[in-house]
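What's in my_file.pdb: PDB, C-alpha atoms
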MODEL        1
ATOM      1  CA  MET B  31     -22.166   4.163  -8.626
ATOM      2  CA  ILE B  32     -21.408   5.764  -5.282
ATOM      3  CA  GLY B  33     -17.974   7.366  -5.665
ATOM      4  CA  ARG B  34     -17.598   9.418  -2.504
ATOM      5  CA  LEU B  35     -19.437  10.008   0.744
ATOM      6  CA  THR B  36     -19.152  12.927   3.152
ATOM      7  CA  GLY B  37     -20.821  12.472   6.486
ATOM      8  CA  ILE B  38     -20.661  12.067  10.242
ATOM      9  CA  LEU B  39     -18.961   8.993  11.660
ATOM     10  CA  LEU B  40     -21.486   7.223  13.918
ATOM     11  CA  GLU B  41     -19.886   3.840  14.691
ATOM     12  CA  LYS B  42     -16.510   2.139  14.373
ATOM     13  CA  ASN B  43     -16.467  -1.675  14.624
ATOM     14  CA  PRO B  44     -13.423  -2.989  12.727
ATOM     15  CA  PRO B  45     -13.471  -3.384   9.787
ATOM     16  CA  GLN B  46     -16.919  -1.780   9.489
ATOM     17  CA  ILE B  47     -18.053   1.766  10.094
ATOM     18  CA  LEU B  48     -21.412   3.522  10.006
ATOM     19  CA  LEU B  49     -21.499   6.886   8.254
ATOM     20  CA  ASP B  50     -24.478   9.268   8.483
ATOM     21  CA  VAL B  51     -24.903  11.206   5.246
ATOM     22  CA  GLN B  52     -27.725  13.719   5.727
ATOM     23  CA  GLY B  53     -29.928  11.286   7.633
ATOM     24  CA  VAL B  54     -29.050   8.132   5.670
ATOM     25  CA  ALA B  55     -26.601   5.817   7.440
ATOM     26  CA  TYR B  56     -24.254   3.799   5.228
ATOM     27  CA  GLU B  57     -22.389   0.699   6.420
ATOM     28  CA  LEU B  58     -18.934   0.585   4.883
ATOM     29  CA  ASP B  59     -16.101  -1.899   5.189
ATOM     30  CA  VAL B  60     -12.732  -0.167   5.357
ATOM     31  CA  PRO B  61      -9.133  -1.410   5.399
ATOM     32  CA  MET B  62      -7.345  -1.077   8.729
ATOM     33  CA  SER B  63      -5.093   1.627   7.254
ATOM     34  CA  THR B  64      -8.198   3.776   6.800
ATOM     35  CA  PHE B  65      -9.769   2.645  10.072
ATOM     36  CA  TYR B  66      -6.788   3.740  12.187
ATOM     37  CA  ASN B  67      -6.765   7.187  10.561
ATOM     38  CA  LEU B  68     -10.474   7.929  10.984
ATOM     39  CA  PRO B  69     -11.471  10.871  13.170
ATOM     40  CA  VAL B  70     -13.240  10.367  16.497
ATOM     41  CA  LEU B  71     -16.956   9.518  16.558
ATOM     42  CA  HIS B  72     -19.420  12.250  15.551
ATOM     43  CA  GLU B  73     -16.787  14.027  13.446
ATOM     44  CA  LYS B  74     -17.074  14.729   9.717
ATOM     45  CA  VAL B  75     -15.210  12.431   7.329
ATOM     46  CA  VAL B  76     -14.867  12.135   3.543
ATOM     47  CA  LEU B  77     -14.451   8.640   2.097
ATOM     48  CA  HIS B  78     -13.779   7.510  -1.471
ATOM     49  CA  THR B  79     -16.023   4.506  -2.047
ATOM     50  CA  GLN B  80     -16.386   1.390  -4.144
ATOM     51  CA  LEU B  81     -19.775  -0.305  -4.500
ATOM     52  CA  ILE B  82     -19.770  -4.045  -5.174
ATOM     53  CA  VAL B  83     -23.090  -5.484  -6.351
ATOM     54  CA  ARG B  84     -23.666  -9.206  -5.876
ATOM     55  CA  GLU B  85     -26.766 -11.362  -6.220
ATOM     56  CA  ASP B  86     -27.326 -11.394  -2.474
ATOM     57  CA  ALA B  87     -25.906  -8.023  -1.358
ATOM     58  CA  HIS B  88     -24.747  -4.519  -2.196
ATOM     59  CA  LEU B  89     -21.418  -3.993  -0.418
ATOM     60  CA  LEU B  90     -19.860  -0.586   0.080
ATOM     61  CA  TYR B  91     -16.136  -0.141   0.757
ATOM     62  CA  GLY B  92     -14.569   3.115   1.919
ATOM     63  CA  PHE B  93     -11.066   4.587   1.704
ATOM     64  CA  LEU B  94      -9.558   7.798   3.053
ATOM     65  CA  SER B  95      -7.363   8.287  -0.019
ATOM     66  CA  HIS B  96      -7.981   8.031  -3.723
ATOM     67  CA  GLU B  97      -4.788   5.953  -4.047
ATOM     68  CA  GLU B  98      -6.152   3.294  -1.681
ATOM     69  CA  ARG B  99      -9.307   2.988  -3.758
ATOM     70  CA  VAL B 100      -7.232   2.688  -6.939
ATOM     71  CA  ALA B 101      -5.170  -0.103  -5.324
ATOM     72  CA  PHE B 102      -8.387  -1.841  -4.185
ATOM     73  CA  ARG B 103      -9.704  -1.746  -7.760
ATOM     74  CA  LEU B 104      -6.395  -3.075  -9.105
ATOM     75  CA  LEU B 105      -6.548  -5.967  -6.634
ATOM     76  CA  LEU B 106     -10.136  -6.802  -7.613
ATOM     77  CA  LYS B 107      -9.081  -7.237 -11.252
ATOM     78  CA  ILE B 108      -6.789 -10.120 -10.276
ATOM     79  CA  SER B 109      -8.254 -13.593 -10.724
ATOM     80  CA  GLY B 110      -9.090 -15.175  -7.376
ATOM     81  CA  VAL B 111      -9.016 -11.899  -5.439
ATOM     82  CA  GLY B 112     -12.360 -10.768  -4.075
ATOM     83  CA  PRO B 113     -13.260  -7.737  -1.984
ATOM     84  CA  LYS B 114     -12.471  -9.423   1.358
ATOM     85  CA  LEU B 115      -8.996 -10.491   0.254
ATOM     86  CA  ALA B 116      -8.316  -7.087  -1.344
ATOM     87  CA  LEU B 117      -9.328  -5.435   1.931
ATOM     88  CA  SER B 118      -7.085  -7.849   3.819
ATOM     89  CA  VAL B 119      -4.107  -6.969   1.583
ATOM     90  CA  LEU B 120      -4.665  -3.234   2.122
ATOM     91  CA  SER B 121      -5.054  -3.842   5.857
ATOM     92  CA  GLY B 122      -1.875  -5.933   6.047
ATOM     93  CA  LEU B 123       0.416  -3.582   4.117
ATOM     94  CA  SER B 124       0.457   0.141   3.535
ATOM     95  CA  LEU B 125       0.279   1.234  -0.105
ATOM     96  CA  ASN B 126       3.977   2.089  -0.035
ATOM     97  CA  ASP B 127       4.875  -1.310   1.434
ATOM     98  CA  LEU B 128       2.685  -3.086  -1.132
ATOM     99  CA  ALA B 129       4.307  -1.164  -3.993
ATOM    100  CA  ILE B 130       7.772  -1.962  -2.595
ATOM    101  CA  ALA B 131       6.890  -5.661  -2.182
ATOM    102  CA  VAL B 132       5.673  -5.757  -5.799
ATOM    103  CA  ALA B 133       8.694  -3.834  -7.127
ATOM    104  CA  ASN B 134      11.115  -6.126  -5.258
ATOM    105  CA  LYS B 135       9.067  -9.283  -5.948
ATOM    106  CA  GLU B 136       8.871 -10.095  -2.218
ATOM    107  CA  ALA B 137       6.308 -12.928  -2.103
ATOM    108  CA  GLY B 138       7.273 -13.688   1.512
ATOM    109  CA  ARG B 139       6.083 -10.278   2.592
ATOM    110  CA  LEU B 140       2.677 -10.896   1.020
ATOM    111  CA  THR B 141       2.254 -14.382   2.496
ATOM    112  CA  LYS B 142       2.290 -12.837   5.979
ATOM    113  CA  ILE B 143      -1.129 -11.325   5.195
ATOM    114  CA  PRO B 144      -4.019 -13.520   6.406
ATOM    115  CA  GLY B 145      -5.648 -15.294   3.462
ATOM    116  CA  VAL B 146      -2.682 -14.892   1.106
ATOM    117  CA  GLY B 147      -0.894 -18.133   0.328
ATOM    118  CA  LYS B 148       2.208 -18.660  -1.783
ATOM    119  CA  LYS B 149       0.334 -19.034  -5.093
ATOM    120  CA  THR B 150      -1.848 -16.006  -4.433
ATOM    121  CA  ALA B 151       1.209 -13.948  -3.471
ATOM    122  CA  GLU B 152       2.969 -14.923  -6.700
ATOM    123  CA  ARG B 153      -0.159 -14.068  -8.719
ATOM    124  CA  LEU B 154      -0.373 -10.683  -6.976
ATOM    125  CA  LEU B 155       3.270  -9.942  -7.757
ATOM    126  CA  LEU B 156       2.834 -10.917 -11.397
ATOM    127  CA  GLU B 157      -0.444  -9.065 -11.953
ATOM    128  CA  LEU B 158       0.497  -5.880 -10.062
ATOM    129  CA  GLN B 159       3.934  -5.461 -11.673
ATOM    130  CA  GLY B 160       3.990  -1.952 -13.156
ATOM    131  CA  LYS B 161       0.333  -1.278 -12.325
ATOM    132  CA  PHE B 162       0.984   1.257  -9.542
ATOM    133  CA  ALA B 163       2.986   3.463 -11.892
ATOM    134  CA  ALA B 164       0.372   3.068 -14.652
ATOM    135  CA  ALA B 165      -2.396   4.035 -12.218
ATOM    136  CA  GLY B 166      -0.418   7.118 -11.200
ATOM    137  CA  THR B 167      -0.286   6.389  -7.484
ATOM    138  CA  ASN B 168       2.307   8.051  -5.274
ATOM    139  CA  ALA B 169       3.164   4.610  -3.904
ATOM    140  CA  ALA B 170       4.934   3.724  -7.158
ATOM    141  CA  GLN B 171       7.348   6.655  -6.790
ATOM    142  CA  GLY B 172       8.112   5.703  -3.201
ATOM    143  CA  ALA B 173       8.642   2.084  -4.224
ATOM    144  CA  ALA B 174      11.089   3.045  -6.968
ATOM    145  CA  ALA B 175      13.116   5.205  -4.573
ATOM    146  CA  THR B 176      13.110   2.531  -1.865
ATOM    147  CA  SER B 177      14.003  -0.164  -4.386
ATOM    148  CA  ALA B 178      17.032   1.883  -5.516
ATOM    149  CA  GLY B 179      17.989   2.431  -1.858
ATOM    150  CA  ASN B 180      17.766  -1.317  -1.184
ATOM    151  CA  ASP B 181      19.925  -2.055  -4.230
ATOM    152  CA  ILE B 182      22.557   0.420  -3.019
ATOM    153  CA  VAL B 183      22.612  -1.124   0.476
ATOM    154  CA  ASN B 184      22.867  -4.636  -0.995
ATOM    155  CA  ALA B 185      25.754  -3.571  -3.238
ATOM    156  CA  LEU B 186      27.624  -2.077  -0.260
ATOM    157  CA  LEU B 187      27.047  -5.255   1.756
ATOM    158  CA  ALA B 188      28.424  -7.297  -1.150
ATOM    159  CA  LEU B 189      31.521  -5.067  -1.161
ATOM    160  CA  GLY B 190      32.215  -5.979   2.462
ATOM    161  CA  TYR B 191      30.688  -3.103   4.398
ATOM    162  CA  ASN B 192      28.586  -4.004   7.424
ATOM    163  CA  GLU B 193      24.851  -3.320   7.594
ATOM    164  CA  LYS B 194      25.208  -0.270   9.846
ATOM    165  CA  GLU B 195      27.705   1.391   7.478
ATOM    166  CA  ALA B 196      25.644   0.551   4.382
ATOM    167  CA  ASP B 197      22.419   1.901   5.915
ATOM    168  CA  TRP B 198      24.160   5.073   7.099
ATOM    169  CA  ALA B 199      25.639   5.738   3.657
ATOM    170  CA  ALA B 200      22.324   5.091   1.884
ATOM    171  CA  LYS B 201      20.529   7.560   4.180
ATOM    172  CA  GLN B 202      23.040  10.293   3.283
ATOM    173  CA  LEU B 203      22.198  10.070  -0.427
ATOM    174  CA  PRO B 204      19.598  12.202  -2.217
ATOM    175  CA  LYS B 205      16.190  10.498  -2.509
ATOM    176  CA  ASP B 206      16.279  10.532  -6.320
ATOM    177  CA  ALA B 207      19.756   8.971  -6.662
ATOM    178  CA  ASN B 208      19.876   6.114  -9.143
ATOM    179  CA  VAL B 209      21.669   2.900  -8.226
ATOM    180  CA  SER B 210      25.011   3.387  -9.996
ATOM    181  CA  ASP B 211      25.443   7.029  -8.920
ATOM    182  CA  GLY B 212      24.235   6.135  -5.439
ATOM    183  CA  ILE B 213      26.850   3.402  -5.057
ATOM    184  CA  ARG B 214      29.619   5.773  -6.203
ATOM    185  CA  GLN B 215      28.507   8.526  -3.814
ATOM    186  CA  ALA B 216      28.097   6.030  -0.934
ATOM    187  CA  LEU B 217      31.626   4.686  -1.500
ATOM    188  CA  LYS B 218      33.002   8.235  -1.393
ATOM    189  CA  LEU B 219      31.146   8.908   1.861
ATOM    190  CA  LEU B 220      32.373   5.665   3.434
ATOM    191  CA  SER B 221      35.985   6.275   2.403
ATOM    192  CA  LYS B 222      35.929   9.696   4.125
ATOM    193  CA  SER B 223      34.492   8.385   7.400
TER     194      SER B 223
ENDMDL
END
Spell out the structure here as structure tokens.
Amino acid sequence: MIGRLTGILLEKNPPQILLDVQGVAYELDVPMSTFYNLPVLHEKVVLHTQLIVREDAHLLYGFLSHEERVAFRLLLKISGVGPKLALSVLSGLSLNDLAIAVANKEAGRLTKIPGVGKKTAERLLLELQGKFAAAGTNAAQGAAATSAGNDIVNALLALGYNEKEADWAAKQLPKDANVSDGIRQALKLLSKS
């Protein structure tokens, strides 16, 4: 298994790159989130990798962060999701956005990704539920905080506040506020303004 490569970036042709590791050049497919954050050509880069062995090919995938590789592996475990689709999902949504979409069960957000239809999106939501937290990715923490923030905004909208007021109040709250405390604090803030 090839777990990590450190080398000089020789070529960038989305979604593929060529990485020179002490005289051996590796072709890697990378998600667009990694691709856009790569250094300029002929600079050193460290990539976490995943090797996929098939009958007809050995395919190497690279990721700038460990969390991206973990998400890629989680996606590969889902029935009907291969490496190309997993790469497409990670290219279409950031890890945080994917975790938020899963936490909020937003199938519509996933269907905007090329290659992801309604059934695949629903399968992704079902299979990934709780997996980001179990894998220990930072995306799960961000998703939980954003999910609570969305719930607070939705509650304020339901109480008759407009979107601008609800968003303003939610932004004033501490990041770790739970929904019920957040609603109470937001109502206090809105009554003072």
Between B:Leu40, B:Leu125, B:Leu81, B:Ala87, smallest distance to Ala101 (chain B) by only C-alpha atoms belongs to B:Leu125
Report as a ChimeraX atom specification all protein, DNA and RNA residues lying within 10 Å of Thr150 (chain B), evaluated on all atoms listed in the file, omitting residues in the same chain fewer than 3 positions from it. /B:108-111,137,140-141,145-147,153-156
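Of the residues under consideration (B:Glu41, B:Arg103, B:Ser63, B:Asp206), B:Ser63 shows the shortest atom-to-atom contact distance to Asp127 (chain B) when counting all atoms listed in the file.
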List the spatial neighbours of region 90-95 of chain B as a list in words - criterion: any atom at most 7 Å away, only C-alpha atoms, same-chain residues fewer than 4 positions off excluded. Glu57, Leu58, Asp59, Val60, Thr64, Val76, Leu77, His78, Thr79, Gln80, Leu81, Ile82 and Arg99 of chain B
What does the distance from CA of Asn126 (chain B) to CA of Lys142 (chain B) come to in Å, to one decimal? 16.2 Å
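Separating CA of Trp198 (chain B) from CA of Gln215 (chain B) is a distance of 12.2 Å.
CA of Val100 (chain B) sits 17.2 Å away from CA of Ala133 (chain B).
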Select all residues near (21.3, 9.0, -1.4) (cut-off 9 Å, inclusive, file coordinates), counting all atoms listed in the file, and output them as number ranges by chain. B: 179, 182, 199-208, 211-213, 215-216
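A distance cut-off of 8 Å around (-9.7, -5.2, 11.9), counting all atoms listed in the file, selects these protein and nucleic acid residues: Pro44, Pro45, Pro61, Met62 and Ser121 of chain B.
Among the candidates B:Ala116, B:Ile38, B:Val51, B:Val209, the one nearest to His72 (chain B) when counting all atoms listed in the file is B:Ile38.
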Let me have the centre and edge lengths of the axis-aligned box enclosing all listed atoms of region 192-203 of chain B with 5 Å padding on every side, in Å to one decimal, as lines of an AutoDock Vina configuration file.
center_x = 24.6
center_y = 3.1
center_z = 4.7
size_x = 18.1
size_y = 24.3
size_z = 20.3
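When all atoms listed in the file are used to measure the gap to Val119 (chain B), the shortest distance among B:Lys107, B:Ala151, B:Asn134, B:Arg34 belongs to B:Ala151.
Of the residues listed (B:His88, B:Ile143, B:Glu136, B:Leu39), B:Ile143 shows the shortest atom-to-atom separation from Leu117 (chain B); distances use all atoms listed in the file.
If you measure from each of B:Leu89, B:Leu115, B:Val75, B:Leu217 to Pro144 (chain B) using only C-alpha atoms, the closest one turns out to be B:Leu115.
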Would you save region 48-127 of chain B from the block above with C-alpha atoms, as a short mmCIF file (atom, residue, chain, number, x, y, z; two decimals), in the first residue's frame?
data_model
loop_
_atom_site.label_atom_id
_atom_site.label_comp_id
_atom_site.auth_asym_id
_atom_site.auth_seq_id
_atom_site.Cartn_x
_atom_site.Cartn_y
_atom_site.Cartn_z
CA LEU B 48 2.42 13.99 -12.11
CA LEU B 49 4.57 13.83 -8.99
CA ASP B 50 8.32 13.12 -9.09
CA VAL B 51 9.41 11.17 -6.02
CA GLN B 52 13.20 10.79 -6.14
CA GLY B 53 13.28 10.08 -9.87
CA VAL B 54 10.08 8.02 -10.08
CA ALA B 55 7.09 9.92 -11.48
CA TYR B 56 3.66 8.92 -10.17
CA GLU B 57 0.40 9.78 -11.94
CA LEU B 58 -2.29 10.59 -9.40
CA ASP B 59 -5.92 11.57 -9.77
CA VAL B 60 -6.92 14.23 -7.27
CA PRO B 61 -10.22 15.89 -6.37
CA MET B 62 -10.58 19.50 -7.49
CA SER B 63 -10.43 20.65 -3.85
CA THR B 64 -6.88 19.29 -3.71
CA PHE B 65 -6.04 20.41 -7.25
CA TYR B 66 -6.88 24.07 -6.57
CA ASN B 67 -4.72 24.09 -3.43
CA LEU B 68 -1.61 22.54 -4.99
CA PRO B 69 1.57 24.62 -5.10
CA VAL B 70 3.00 25.89 -8.38
CA LEU B 71 4.90 23.50 -10.66
CA HIS B 72 8.34 22.30 -9.52
CA GLU B 73 7.46 22.88 -5.85
CA LYS B 74 7.48 20.20 -3.15
CA VAL B 75 4.14 18.70 -2.12
CA VAL B 76 3.01 15.99 0.32
CA LEU B 77 -0.04 13.93 -0.65
CA HIS B 78 -1.95 11.28 1.29
CA THR B 79 -2.69 8.51 -1.19
CA GLN B 80 -5.06 5.66 -1.88
CA LEU B 81 -4.06 2.85 -4.25
CA ILE B 82 -6.87 1.04 -6.06
CA VAL B 83 -5.88 -2.24 -7.71
CA ARG B 84 -8.07 -3.53 -10.53
CA GLU B 85 -7.59 -6.32 -13.05
CA ASP B 86 -6.56 -3.88 -15.76
CA ALA B 87 -4.90 -1.05 -13.79
CA HIS B 88 -3.32 0.22 -10.60
CA LEU B 89 -4.86 3.63 -9.88
CA LEU B 90 -3.38 6.09 -7.43
CA TYR B 91 -5.44 8.89 -5.86
CA GLY B 92 -3.95 11.79 -3.92
CA PHE B 93 -5.29 14.16 -1.26
CA LEU B 94 -3.76 17.15 0.50
CA SER B 95 -5.45 16.31 3.81
CA HIS B 96 -5.89 13.13 5.77
CA GLU B 97 -9.58 13.99 6.22
CA GLU B 98 -10.14 14.02 2.45
CA ARG B 99 -8.62 10.57 2.14
CA VAL B 100 -10.80 9.30 4.98
CA ALA B 101 -13.90 10.70 3.22
CA PHE B 102 -12.77 9.08 -0.07
CA ARG B 103 -12.47 5.71 1.69
CA LEU B 104 -15.89 6.15 3.31
CA LEU B 105 -17.41 6.87 -0.11
CA LEU B 106 -15.77 3.80 -1.65
CA LYS B 107 -17.46 1.56 0.94
CA ILE B 108 -20.89 2.58 -0.36
CA SER B 109 -22.47 0.19 -2.84
CA GLY B 110 -22.44 1.63 -6.36
CA VAL B 111 -19.79 4.26 -5.60
CA GLY B 112 -16.48 3.74 -7.37
CA PRO B 113 -13.32 5.84 -7.32
CA LYS B 114 -14.45 8.17 -10.13
CA LEU B 115 -17.76 8.97 -8.44
CA ALA B 116 -16.06 9.38 -5.03
CA LEU B 117 -13.61 11.80 -6.63
CA SER B 118 -16.50 13.64 -8.26
CA VAL B 119 -18.28 14.00 -4.90
CA LEU B 120 -15.13 15.39 -3.26
CA SER B 121 -14.63 17.72 -6.22
CA GLY B 122 -18.23 18.95 -6.12
CA LEU B 123 -18.44 19.66 -2.39
CA SER B 124 -15.90 20.56 0.25
CA LEU B 125 -15.66 18.15 3.18
CA ASN B 126 -17.53 20.63 5.38
CA ASP B 127 -20.30 21.03 2.80
#
